[in-house]
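One structure is given here, and the rest of the page talks about it.
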Amino acid sequence: MTRPVLRISRTRFRENIAAVGRRIAPSALMLVMKDDAYGHGLGWAVEEAADAGVSWFGGYDIPTALRIRRALTGSERILAWATSTDAEIAEALLHDIDLGIGSAEYLSRVIACARTLGRAARVHLKIDTGLRRNGVLPADWDAFVAEARAAEDQGILELVGVWSHLAEASDAEDDEAQAVFLAAAEATRRAGAAPEVLHLTASAASWWRPELRGTLSRIGAFCYGIRSADGPELDGIRPIASLTAPVIAVREGEAVIGIGGFDGLPSTLAGGVDVGTPAGPRLLRRIDQTTSVVAGWPGMELGDLVTVFGPGDRGERSATALGEHIGTVGEEILTRLTPRVRRVVS
Ligand SMILES: *Cc1c(COP(=O)(O)O)cnc(C)c1O
């Protein structure tokens, strides 16, 4: 095999989920799985997480939520929050997917679909707490809730949750966002609803700002062992994936490895980061289309494995550290990997 492999550890995934769960308790974990579980592959991850006791999953869009549903055997809850077509809404209702609703227009369409199908829609209403990205403004909140409550009284809707998303730009802004969020939750209760979950925070705020957590925390990155760019290391959290490529040619002082830009490796990493080799860290010198060049080591041989990113066992950096080097986040390094990179889960 000359192709690169993303080796993924089920054990580490479970350890991260456990560490996150302990950290955020009594808030419950919603495991976010967008972008094919952040590039790790969705199917195995859903099974492993459900086996580890995760009872809420976040799919972003309805097609992802349906893939999660197909991988589950139990009655775990799945939330899809991307505004979707009527055909997708109908599929979601038929497969017991909760819907995140960020506009009055979408709420009306979901109610209409539920009425047509004769199936109650489980909805989580989204307040805009300052991000200005899908969410109902505070001034429009009461009318929005009133429409949902009317549908609830008719038995075609269950108002399951109130939620929002933080900018995570500064603590002060996030505090203000939380105040808006709590006021919206209170107004929802005053309107006669009894939402079972409130959720505001993703990985970083859930971990570092306990006072902002709701009853549920939507977390992706940290469960996959991806720390925040420019953020500290996290107790009990380790990357679950290592990207490896074999040495396919040896030259004077250099090893050529079987991974390149076509595999999704950003060419801007060349010359700036170390990768892991049997002899420890070595500079990644050049990135071509399907191969790259690494500074050599004594005794290097064809077939030796080089680790491009991973937990650091062989001197390699984490995906986040690579991201930081080129001004992006670890998620981007993982989700850019193309299908040429074989995923091996063990
Ligand atoms: C992606 C996403 C999350 C998870 O964010 P992480 O930082 O990966 O934990 C949570 N909520 C929403 C709305 C998202 O889009």
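Here's how to read the names in the structure tokens: chain A, B, ... by the order shown, residue numbers from 1 in each chain, ligand numbers from 1 in the order shown.
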
Can you pull out every residue from segment 35-64 of chain A that DSSP, working from the backbone, puts in strand (DSSP E), and format the result as a ChimeraX atom specification? /A:56-60

Residues as selected, all heavy atoms, written as an mmCIF file, in the first residue's frame, can you do that?
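And here is the file that came out, result.cif:
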data_model
loop_
_atom_site.group_PDB
_atom_site.id
_atom_site.type_symbol
_atom_site.label_atom_id
_atom_site.label_comp_id
_atom_site.auth_asym_id
_atom_site.auth_seq_id
_atom_site.Cartn_x
_atom_site.Cartn_y
_atom_site.Cartn_z
ATOM 1 N N TRP A 56 -27.856 11.782 22.895
ATOM 2 C CA TRP A 56 -28.224 12.868 21.977
ATOM 3 C C TRP A 56 -27.150 12.975 20.900
ATOM 4 O O TRP A 56 -25.946 12.962 21.200
ATOM 5 C CB TRP A 56 -28.281 14.206 22.710
ATOM 6 C CG TRP A 56 -29.535 14.452 23.500
ATOM 7 C CD1 TRP A 56 -29.738 14.167 24.813
ATOM 8 C CD2 TRP A 56 -30.742 15.075 23.019
ATOM 9 N NE1 TRP A 56 -30.993 14.567 25.188
ATOM 10 C CE2 TRP A 56 -31.631 15.129 24.104
ATOM 11 C CE3 TRP A 56 -31.155 15.584 21.776
ATOM 12 C CZ2 TRP A 56 -32.913 15.673 23.995
ATOM 13 C CZ3 TRP A 56 -32.421 16.136 21.677
ATOM 14 C CH2 TRP A 56 -33.283 16.172 22.775
ATOM 15 N N PHE A 57 -27.592 13.109 19.653
ATOM 16 C CA PHE A 57 -26.672 13.268 18.527
ATOM 17 C C PHE A 57 -27.065 14.512 17.747
ATOM 18 O O PHE A 57 -28.254 14.817 17.621
ATOM 19 C CB PHE A 57 -26.737 12.037 17.617
ATOM 20 C CG PHE A 57 -26.177 10.789 18.245
ATOM 21 C CD1 PHE A 57 -26.953 10.012 19.108
ATOM 22 C CD2 PHE A 57 -24.866 10.413 18.026
ATOM 23 C CE1 PHE A 57 -26.434 8.872 19.717
ATOM 24 C CE2 PHE A 57 -24.332 9.272 18.627
ATOM 25 C CZ PHE A 57 -25.127 8.507 19.473
ATOM 26 N N GLY A 58 -26.064 15.215 17.227
ATOM 27 C CA GLY A 58 -26.329 16.408 16.429
ATOM 28 C C GLY A 58 -25.853 16.181 15.011
ATOM 29 O O GLY A 58 -24.695 15.834 14.785
ATOM 30 N N GLY A 59 -26.766 16.366 14.035
ATOM 31 C CA GLY A 59 -26.417 16.025 12.662
ATOM 32 C C GLY A 59 -26.202 17.206 11.736
ATOM 33 O O GLY A 59 -25.871 17.008 10.580
ATOM 34 N N TYR A 60 -26.423 18.429 12.222
ATOM 35 C CA TYR A 60 -26.431 19.617 11.362
ATOM 36 C C TYR A 60 -27.572 19.546 10.334
ATOM 37 O O TYR A 60 -28.601 20.141 10.523
ATOM 38 C CB TYR A 60 -25.080 19.877 10.686
ATOM 39 C CG TYR A 60 -25.149 21.037 9.704
ATOM 40 C CD1 TYR A 60 -25.466 22.315 10.142
ATOM 41 C CD2 TYR A 60 -24.953 20.843 8.340
ATOM 42 C CE1 TYR A 60 -25.599 23.366 9.248
ATOM 43 C CE2 TYR A 60 -25.075 21.891 7.440
ATOM 44 C CZ TYR A 60 -25.402 23.143 7.898
ATOM 45 O OH TYR A 60 -25.535 24.174 7.019
#

Could you give me, as a VMD selection string, every polymer residue with an atom at most 9 Å away from an atom of ligand 1, counting only C-alpha atoms and all ligand atoms? chain A and resid 30 to 34 38 58 to 60 81 to 82 163 to 166 199 to 206 217 to 224 226 to 228 331

Of the candidates A:Ala229, A:Ala25, A:Ile89, A:Val145, which one gets nearest to Arg189 of chain A if we count only C-alpha atoms?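 Counting only C-alpha atoms, the residue closest to Arg189 of chain A is A:Val145.
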
Long-range neighbours of Glu15 of chain A as a PyMOL selection string, 9 Å cut-off, only C-alpha atoms, 2 positions minimum in chain: chain A and resi 10-13+17-20+223+236-238

Within 6 Å of segment 285-289 of chain A, counting only C-alpha atoms, which residues show up once you throw out same-chain ones fewer than 3 positions away? Write them as a PyMOL selection string, please. chain A and resi 260-262+267+270-271+292-294

Quick one: everything within 10 Å of Thr85 of chain A, counting only C-alpha atoms, minus sequence neighbours fewer than 6 positions away in the same chain. Send it as a list of chain:residue names. A:Ile62, A:Tyr106, A:Arg109, A:Val110

Could you please take those selected residues and save N, CA and C atoms as a compact mmCIF listing (two decimals), in the first residue's frame?
# COMPACT_ATOMS: atom_id res chain seq x y z
N ILE A 62 -30.42 17.44 7.67
CA ILE A 62 -31.30 16.27 7.78
C ILE A 62 -30.68 15.02 7.14
N TYR A 106 -39.45 28.95 8.62
CA TYR A 106 -39.17 27.51 8.73
C TYR A 106 -40.15 26.84 9.69
N ARG A 109 -43.34 26.12 7.92
CA ARG A 109 -43.25 24.97 6.99
C ARG A 109 -43.21 23.65 7.76
N VAL A 110 -42.50 23.63 8.88
CA VAL A 110 -42.44 22.39 9.68
C VAL A 110 -43.84 22.04 10.21

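Of note, atom CA of Thr116 of chain A and atom CA of Ser75 of chain A are spaced 23.9 Å apart.
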
Which distance in Å separates atom CA of Ala121 of chain A and atom CA of Leu66 of chain A, to one decimal?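 Result for atom CA of Ala121 of chain A versus atom CA of Leu66 of chain A: 15.2 Å, one decimal.
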
Could you check the closest approach to Glu196 of chain A for each of A:Ala49, A:Ile127, A:Ala28, A:Ala177 and tell me which residue wins, using only C-alpha atoms? A:Ala28

For Ala90 of chain A, the closest of A:His325, A:Arg343, A:Lys126, A:Arg119 counting only C-alpha atoms is A:Arg119

Considering only C-alpha atoms, return as a PyMOL selection string whatever protein or nucleic-acid residues lie within 6 Å of Thr291 of chain A, sequence-local ones (same chain, fewer than 4 positions apart) excluded. chain A and resi 257-260

Would you mind telling me which residue in A:Val5, A:Val160, A:Leu322, A:Leu198 lies nearest to Ser242 of chain A when using only C-alpha atoms? A:Val5

DSSP on the backbone, then: every residue of segment 51-263 of chain A marked helix (DSSP H, G or I), written as a ChimeraX atom specification. /A:51,62-71,86-94,104-117,138-153,171-190,203-208,210-212,221-224,261-263

Same residues, C-alpha atoms, saved as an mmCIF file, in the first residue's frame:
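Saved to selection-v9.cif:
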data_model
loop_
_atom_site.group_PDB
_atom_site.id
_atom_site.type_symbol
_atom_site.label_atom_id
_atom_site.label_comp_id
_atom_site.auth_asym_id
_atom_site.auth_seq_id
_atom_site.Cartn_x
_atom_site.Cartn_y
_atom_site.Cartn_z
ATOM 1 C CA ASP A 51 -22.585 1.956 23.087
ATOM 2 C CA ILE A 62 -31.296 16.269 7.778
ATOM 3 C CA PRO A 63 -29.378 13.878 5.447
ATOM 4 C CA THR A 64 -26.695 13.543 8.152
ATOM 5 C CA ALA A 65 -29.360 13.075 10.835
ATOM 6 C CA LEU A 66 -30.917 10.282 8.757
ATOM 7 C CA ARG A 67 -27.519 8.573 8.423
ATOM 8 C CA ILE A 68 -27.191 8.732 12.209
ATOM 9 C CA ARG A 69 -30.690 7.274 12.623
ATOM 10 C CA ARG A 70 -29.814 4.359 10.311
ATOM 11 C CA ALA A 71 -26.699 3.598 12.380
ATOM 12 C CA ASP A 86 -40.239 20.274 2.739
ATOM 13 C CA ALA A 87 -39.253 16.860 1.345
ATOM 14 C CA GLU A 88 -36.411 16.627 3.865
ATOM 15 C CA ILE A 89 -38.656 17.798 6.702
ATOM 16 C CA ALA A 90 -41.094 14.983 5.893
ATOM 17 C CA GLU A 91 -38.260 12.416 5.976
ATOM 18 C CA ALA A 92 -37.075 13.826 9.280
ATOM 19 C CA LEU A 93 -40.526 13.571 10.859
ATOM 20 C CA LEU A 94 -40.951 10.002 9.640
ATOM 21 C CA ALA A 104 -40.678 31.907 11.605
ATOM 22 C CA GLU A 105 -40.778 30.876 7.957
ATOM 23 C CA TYR A 106 -39.169 27.512 8.729
ATOM 24 C CA LEU A 107 -41.434 26.982 11.730
ATOM 25 C CA SER A 108 -44.507 27.493 9.530
ATOM 26 C CA ARG A 109 -43.251 24.970 6.995
ATOM 27 C CA VAL A 110 -42.442 22.391 9.676
ATOM 28 C CA ILE A 111 -45.914 22.808 11.193
ATOM 29 C CA ALA A 112 -47.524 22.453 7.754
ATOM 30 C CA CYS A 113 -45.531 19.241 7.063
ATOM 31 C CA ALA A 114 -46.442 17.817 10.476
ATOM 32 C CA ARG A 115 -50.112 18.556 9.867
ATOM 33 C CA THR A 116 -50.028 16.903 6.427
ATOM 34 C CA LEU A 117 -48.262 13.808 7.758
ATOM 35 C CA PRO A 138 -35.538 38.769 20.764
ATOM 36 C CA ALA A 139 -38.083 41.287 19.447
ATOM 37 C CA ASP A 140 -39.781 38.538 17.412
ATOM 38 C CA TRP A 141 -39.454 35.766 20.006
ATOM 39 C CA ASP A 142 -42.877 35.942 21.688
ATOM 40 C CA ALA A 143 -44.767 35.721 18.382
ATOM 41 C CA PHE A 144 -42.510 32.831 17.295
ATOM 42 C CA VAL A 145 -43.175 30.927 20.528
ATOM 43 C CA ALA A 146 -46.903 31.680 20.277
ATOM 44 C CA GLU A 147 -47.061 30.010 16.853
ATOM 45 C CA ALA A 148 -45.238 26.947 18.198
ATOM 46 C CA ARG A 149 -47.506 26.811 21.266
ATOM 47 C CA ALA A 150 -50.642 26.966 19.125
ATOM 48 C CA ALA A 151 -49.380 23.979 17.112
ATOM 49 C CA GLU A 152 -48.473 22.221 20.352
ATOM 50 C CA ASP A 153 -52.022 22.688 21.630
ATOM 51 C CA ASP A 171 -16.287 36.103 27.691
ATOM 52 C CA ALA A 172 -18.208 39.359 28.046
ATOM 53 C CA GLU A 173 -20.080 38.852 24.763
ATOM 54 C CA ASP A 174 -20.862 35.255 25.685
ATOM 55 C CA ASP A 175 -22.200 36.415 29.072
ATOM 56 C CA GLU A 176 -24.507 38.870 27.309
ATOM 57 C CA ALA A 177 -25.602 36.153 24.915
ATOM 58 C CA GLN A 178 -26.447 33.895 27.851
ATOM 59 C CA ALA A 179 -28.603 36.622 29.424
ATOM 60 C CA VAL A 180 -30.584 36.924 26.175
ATOM 61 C CA PHE A 181 -30.819 33.128 26.002
ATOM 62 C CA LEU A 182 -32.123 32.738 29.564
ATOM 63 C CA ALA A 183 -34.674 35.503 29.017
ATOM 64 C CA ALA A 184 -35.949 33.659 25.924
ATOM 65 C CA ALA A 185 -36.174 30.383 27.850
ATOM 66 C CA GLU A 186 -38.144 32.158 30.581
ATOM 67 C CA ALA A 187 -40.500 33.755 28.042
ATOM 68 C CA THR A 188 -41.029 30.308 26.524
ATOM 69 C CA ARG A 189 -42.052 28.887 29.906
ATOM 70 C CA ARG A 190 -44.347 31.862 30.530
ATOM 71 C CA SER A 203 -16.873 22.404 22.878
ATOM 72 C CA ALA A 204 -14.880 25.354 24.184
ATOM 73 C CA ALA A 205 -17.549 27.138 26.239
ATOM 74 C CA SER A 206 -18.885 23.822 27.575
ATOM 75 C CA TRP A 207 -15.396 22.970 28.804
ATOM 76 C CA TRP A 208 -14.157 26.316 30.079
ATOM 77 C CA PRO A 210 -19.427 25.890 33.276
ATOM 78 C CA GLU A 211 -21.761 28.755 34.184
ATOM 79 C CA LEU A 212 -22.886 29.004 30.531
ATOM 80 C CA ALA A 221 -14.384 18.870 18.278
ATOM 81 C CA PHE A 222 -13.293 17.844 21.781
ATOM 82 C CA CYS A 223 -14.871 14.387 21.493
ATOM 83 C CA TYR A 224 -12.669 13.754 18.436
ATOM 84 C CA GLY A 261 -2.057 17.819 -1.959
ATOM 85 C CA PHE A 262 -4.575 15.558 -3.760
ATOM 86 C CA ASP A 263 -5.141 13.805 -0.444
#

Please determine, counting only C-alpha atoms, which residue among A:Leu157, A:Val329, A:Val136, A:Val308 has the shortest atom-to-atom distance to Gly231 of chain A.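 Of A:Leu157, A:Val329, A:Val136, A:Val308, the one nearest Gly231 of chain A, counting only C-alpha atoms, is A:Val329.
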
Best match for closeness to His40 of chain A among A:Ile78, A:Ile8, A:Ala169, A:Val306, counting only C-alpha atoms: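 Of A:Ile78, A:Ile8, A:Ala169, A:Val306, the one nearest His40 of chain A is A:Ile8, counting only C-alpha atoms.
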